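Enquirer: Can you keep this structure in mind? I'll have questions shortly.
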Amino acid sequence: MRLALRLARKGLGSTSPNPTVGAVLMKNGKIIGRGRTAPAGGPHAEIAALRDAAKRKNNPRGATLFVTLEPCCTHGRTPPCTDAIIAAGIKKVVVGATDPNPRHAGKGFQILQRAGIEVVVGILSDECAQLNEVFNHWIVARTPLVTVKAAMTLDGKIATASGESKWITGEKAREYGMKLRRTRDAILVGVNTVIVDDPSLTARSPKPEVRSRNKNLKLRRIILDSRARTPLTAKIVNDEFAALTTIVVSRNAPKKRVAELSKRVNVLIAPVANSKFKIKNSKLDLRWLLKKLGSQNVTSLLVEGGGEVNASFLLGGFAQRVAFFYAPKILGGRDARKGVAGDGAKRLSEVVQLDDIQWRTLGEDLLLTAKVVAG
């Protein structure tokens with residue numbers, strides 16, 4: 001199962017909206033086939049393992065299949081894996097985690113057992129479930145799992161009062177930030193970030209082998225821009241990935257500006273927000289936006305906004321995770337830009353609580369990752 005997990009981890013960021021899964025076939029104490037889920041529309045891990053066995057001229061009849069997630073039992077872009085497992089004559093299936101998809105959950109086990117196959121469930125279940133944290137959230141909530149990411153000084157500042165922010169953290173921290181992007185479907189920033197920094201918002205890597213492995217990675221770029229102020233000269237509007245850019249405007253945005261942007265990128269008109277936790281000077285409904293993105297198979301969203309955008313997701317209850325990078329620097333200044341701004345909590349009972357906290361060192365910087373406790 002640990003080998004299956006290692007195989008599955010290689011697919012992180014490439015299988016969406018499907019989960020990433022690893023599978024290993026064993027017979028007479030030897031591995032006869034292995035595989036992992038291909039990008040959406042390609043074979044699932046179980047099928048890849050069976051094909052690998054056939055390629056090696058190994059007969060899977062009577063073998064044991066180790067798989068990190070319950071085999072699917074419904075027709076989608078590919079036939080049910082349960083059918084292939086039964087047809088191959090597998091005698092035993094050892095599974096890490098149950099599929100949370102309401103269409104599947106537990107049904108695959110029942111089908112296999114009715115076919116006379118022994119099923120064992122729950123081997124390294126926590127690790128297998130954590131592997132697909134994104135998919136598990138999206139398939140149930142039908143909204144992307146939101147991670148708020150920020151690079152700050154120790155006193156929580158992301159930029160000087162004038163907006164200077166390059167570079168607060170070091171090279172290792174920035175590379176890890178790119179790694180985060182490569183495991184997400186979309187990245188979101190506010191229009192002020194575009195106006196001030198003119199970012200590319202890509203999942204680039206300085207390592208040739210990583211660039212090659214992720215050459216087909218398509219990271220969607222979401223810009224919150226209620227008044228359609230995105231410059232027509234911005235990189236995200238003109239580069240080779242412009243088709244992956246979506247600018248979210250309000251119904252009150254100038255129609256001429258919206259029309260000009262629509263010629264170059266996707267424009268989404270969002271309804272007015274009712275929540276008190278909205279971006280300063282903006283009326284975009286983030287709940288509506290997340291449901292819209294979820295319906296478009298965006299399973300994960302990395303928020304890299306300024307303090308107001310970060311606050312709207314965190315204080316509004318729209319984020320499930322944080323990834324905060326801290327540099328050993330003190331910026332100070334009452335006008336310096338904060339990592340999380342907004343009006344803040346009025347009482348300690350309203351603060352955003354974090355759980356499953358993990359720290360790691362990246363060069364001289366620290367990275368805090370944690371789950372946001374649902375309010």
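Every chain in the structure tokens has a letter given in the order shown (A, B, ...), and although residue numbers restart at 1 in each chain, ligands are simply numbered from 1 in the order shown.
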List the neighbours of region 189-199 of chain A out to 7 Å using only C-alpha atoms; skip same-chain residues closer than 3 positions along the sequence, and give me the result as a ChimeraX atom specification.
Expert: /A:222-225,230-231,234-235,303-306,309
Enquirer: As a count of residues only, please: every residue in region 48-256 of chain A that DSSP puts in strand (DSSP E).
Expert: 44
Enquirer: Restricting the calculation to only C-alpha atoms: of A:Asn297, A:Glu364, A:Val373, A:Gly42, which residue gets closest to Ile168 (chain A)?
Expert: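 Closest candidate: A:Glu364.
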Enquirer: When DSSP works through the backbone of this structure, what residues of region 73-185 of chain A end up as alpha helix (DSSP H), shown as an MDAnalysis selection string?
Expert: chainID A and resid 81:88 107:114 125:131 133:141 171:182
Enquirer: Would you list the contacts of region 59-75 of chain A as an MDAnalysis selection string, taking every protein, DNA or RNA residue within 6 Å and counting only C-alpha atoms, but skipping same-chain residues closer than 2 positions in sequence?
Expert: chainID A and resid 1 21:27 79:82 88:99 108 128
Enquirer: Could you pull the residues within 12 Å of Thr143 (chain A), counting only C-alpha atoms, minus those fewer than 5 positions along the same chain, as a list in words?
Expert: Pro17, Val134, Phe135, Asn136, His137, Trp138, Leu286, Arg287, Trp288, Leu289, Leu290, Lys291, Lys292, Leu293, Gly294, Ser295, Gln296, Asn297, Val298, Thr299, Ser300, Leu301, Phe318, Ala319 and Gln320 of chain A
Enquirer: Can you work out the spacing between CA of Leu302 (chain A) and CA of Gly163 (chain A) in Å, to one decimal?
Expert: 21.2 Å
Enquirer: Identify, on the basis of only C-alpha atoms, every residue whose closest approach to Asn58 (chain A) does not exceed 9 Å; exclude the query and any residue fewer than 5 positions from it along the same chain; express the result as an NGL selection string.
Expert: :A and (32-33 or 52-53)
Enquirer: Nearest to His44 (chain A): which of A:Asn18, A:Asn28, A:Thr202, A:Ser349 is it, counting only C-alpha atoms?
Expert: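 For His44 (chain A), the nearest of the candidates is A:Asn18.
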